[in-house]
Amino acid sequence: MKYNAISVSLNEMEGSTTGNPSAKYFQIKNIHVQPFWIVEEVLDGDSLKVKQEFTQQRREIRLYGLDAPEVHLSRKMREDEAKSGAPASILQNLGLQSLDYVLNVCPPGTRITLLTEPKNRTDFWLRDLAYVILPSGECLNELILLNGWAKAANSYFCAQLPYFQYICFQAQKQKKVIYSFIEHF
């Protein structure tokens with residue numbers, strides 16, 4: 001009796017092992033899975049306030065690997081204005097649209113799962129960094145980038161950063177949302 005090895009492509013393997021679009025996030029080495037969180041408030045296109053369903057613990061979450069336009073005039077808005085060459089009024093409008101997109105995909109009251117990387121847990125402002133997994137199984141971080149509502153950002157390293165940079169590049173090539181107004185954000 002002979003064993004006939006079957007080889008499959010990476011795409012076939014990913015598709016056949018699970019129907020969960022966020023499976024790759026759960027496979028990150030040492031990922032910390034935190035279920036039973038509820039979105040209390042969407043602050044902007046890359047930040048949320050959440051509360052734990054059972055303990056009522058509250059946290060401010062910054063999404064890993066992305067940077068959305070600001071919704072308020074600030075020092076960061078001025079930096080983005082200088083980098084992009086776009087006026088603050090356009091950047092702020094895009095920030096408000098990004099916020100609106102997140103509110104539509106993940107409104108307050110949405111039950112989510114937070115995934116955190118132990119080596120990269122907080123940002124400079126001590127907000128918790130996380131991948132946000134929606135009830136649909138999709139990753140909010142990925143959806144925002146795929147749809148062109150933010151740019152991939154390496155301010156805080158995350159395991160999915162190379163993938164996020166790739167999908168951001170694709171959104172840029174396709175001139176999705178932000179990139180239909182600004183060449184470089």
# chains A, B, ... in the order shown; residues from 1 in each chain; ligands from 1
call {"tool": "residues_around", "arguments": {"residues": "A:Asn141", "least_positions_apart": "3", "cutoff": "9 Å", "atoms": "only C-alpha atoms", "output": "PyMOL selection string"}}
result
chain A and resi 46+63-66+130-133+138+144-146+164
call {"tool": "select_by_dssp", "arguments": {"residues": "stretch 55-178 of chain A", "states": "alpha helix (DSSP H)", "output": "ChimeraX atom specification"}}
result
/A:75-84,88-105,140-146,161-173,178
call {"tool": "closest_residue", "arguments": {"among": "A:Thr110, A:Ile182, A:Glu60, A:Gln97", "to": "A:Leu140", "atoms": "only C-alpha atoms"}}
result
A:Thr110
call {"tool": "residues_around", "arguments": {"residues": "A:Asn20", "least_positions_apart": "2", "cutoff": "8 Å", "atoms": "only C-alpha atoms", "output": "ChimeraX atom specification"}}
result
/A:18,22-23,137-138
call {"tool": "write_last_selection", "arguments": {"atoms": "N, CA, C and O atoms", "output": "mmCIF file, in the first residue's frame"}}
result
data_model
loop_
_atom_site.group_PDB
_atom_site.id
_atom_site.type_symbol
_atom_site.label_atom_id
_atom_site.label_comp_id
_atom_site.auth_asym_id
_atom_site.auth_seq_id
_atom_site.Cartn_x
_atom_site.Cartn_y
_atom_site.Cartn_z
ATOM 1 N N THR A 18 -11.134 26.386 8.197
ATOM 2 C CA THR A 18 -12.123 27.073 9.012
ATOM 3 C C THR A 18 -12.887 28.077 8.163
ATOM 4 O O THR A 18 -12.333 28.673 7.251
ATOM 5 N N SER A 22 -11.515 35.387 10.937
ATOM 6 C CA SER A 22 -10.520 35.894 11.890
ATOM 7 C C SER A 22 -9.609 34.799 12.440
ATOM 8 O O SER A 22 -8.843 35.054 13.368
ATOM 9 N N ALA A 23 -9.645 33.621 11.862
ATOM 10 C CA ALA A 23 -8.845 32.504 12.384
ATOM 11 C C ALA A 23 -7.369 32.859 12.497
ATOM 12 O O ALA A 23 -6.697 32.468 13.458
ATOM 13 N N GLY A 137 -17.418 37.298 13.147
ATOM 14 C CA GLY A 137 -16.135 36.603 13.022
ATOM 15 C C GLY A 137 -15.099 37.433 12.288
ATOM 16 O O GLY A 137 -13.949 37.048 12.180
ATOM 17 N N GLU A 138 -15.500 38.601 11.790
ATOM 18 C CA GLU A 138 -14.564 39.465 11.076
ATOM 19 C C GLU A 138 -13.777 40.312 12.072
ATOM 20 O O GLU A 138 -14.236 40.601 13.173
#
call {"tool": "atom_distance", "arguments": {"atom1": "atom CA of A:Cys139", "atom2": "atom CA of A:Lys175"}}
result
21.7 Å
call {"tool": "select_by_dssp", "arguments": {"residues": "chain A", "states": "strand (DSSP E)", "output": "PyMOL selection string"}}
result
chain A and resi 32-44+47-52+58-63+66-67+111-116+128-133+151-152
call {"tool": "write_last_selection", "arguments": {"atoms": "C-alpha atoms", "output": "CSV table (one decimal), in the first residue's frame"}}
result
chain,number,residue,atom,x,y,z
A,32,HIS,CA,-4.5,36.6,24.7
A,33,VAL,CA,-8.2,36.0,24.0
A,34,GLN,CA,-10.6,38.1,26.0
A,35,PRO,CA,-14.3,37.4,25.2
A,36,PHE,CA,-17.4,39.1,26.5
A,37,TRP,CA,-16.7,42.7,25.9
A,38,ILE,CA,-19.3,45.2,24.9
A,39,VAL,CA,-18.7,48.4,22.9
A,40,GLU,CA,-19.8,51.4,25.0
A,41,GLU,CA,-18.6,54.2,22.7
A,42,VAL,CA,-16.8,54.6,19.4
A,43,LEU,CA,-14.3,57.5,19.9
A,44,ASP,CA,-13.0,57.7,16.4
A,47,SER,CA,-10.4,53.9,19.2
A,48,LEU,CA,-13.2,52.4,21.3
A,49,LYS,CA,-14.4,52.4,24.9
A,50,VAL,CA,-15.5,49.0,26.0
A,51,LYS,CA,-16.8,47.3,29.1
A,52,GLN,CA,-16.5,43.7,30.2
A,58,ARG,CA,-14.0,49.5,31.4
A,59,ARG,CA,-11.1,50.0,29.0
A,60,GLU,CA,-10.1,52.3,26.2
A,61,ILE,CA,-9.0,50.3,23.2
A,62,ARG,CA,-6.7,51.5,20.4
A,63,LEU,CA,-6.9,49.2,17.3
A,66,LEU,CA,-3.9,51.3,11.9
A,67,ASP,CA,-4.3,55.0,12.1
A,111,ARG,CA,-20.5,42.2,21.8
A,112,ILE,CA,-16.9,41.7,20.8
A,113,THR,CA,-13.8,39.6,21.5
A,114,LEU,CA,-10.5,41.4,22.2
A,115,LEU,CA,-7.2,39.8,21.1
A,116,THR,CA,-4.0,41.2,22.6
A,128,ASP,CA,-4.9,48.9,25.5
A,129,LEU,CA,-4.0,47.8,22.0
A,130,ALA,CA,-6.2,45.0,20.5
A,131,TYR,CA,-7.6,43.3,17.5
A,132,VAL,CA,-11.4,43.5,17.7
A,133,ILE,CA,-13.3,40.5,16.6
A,151,LYS,CA,-3.8,53.7,6.9
A,152,ALA,CA,-1.6,50.9,8.2
call {"tool": "closest_residue", "arguments": {"among": "A:Ile31, A:Val105, A:Ala88, A:Ile178", "to": "A:Ser74", "atoms": "only C-alpha atoms"}}
result
A:Ala88
call {"tool": "closest_residue", "arguments": {"among": "A:Phe157, A:Phe169, A:Tyr25, A:Phe181", "to": "A:Thr122", "atoms": "only C-alpha atoms"}}
result
A:Phe157
call {"tool": "atom_distance", "arguments": {"atom1": "atom CA of A:Phe185", "atom2": "atom CA of A:Asn120"}}
result
24.1 Å
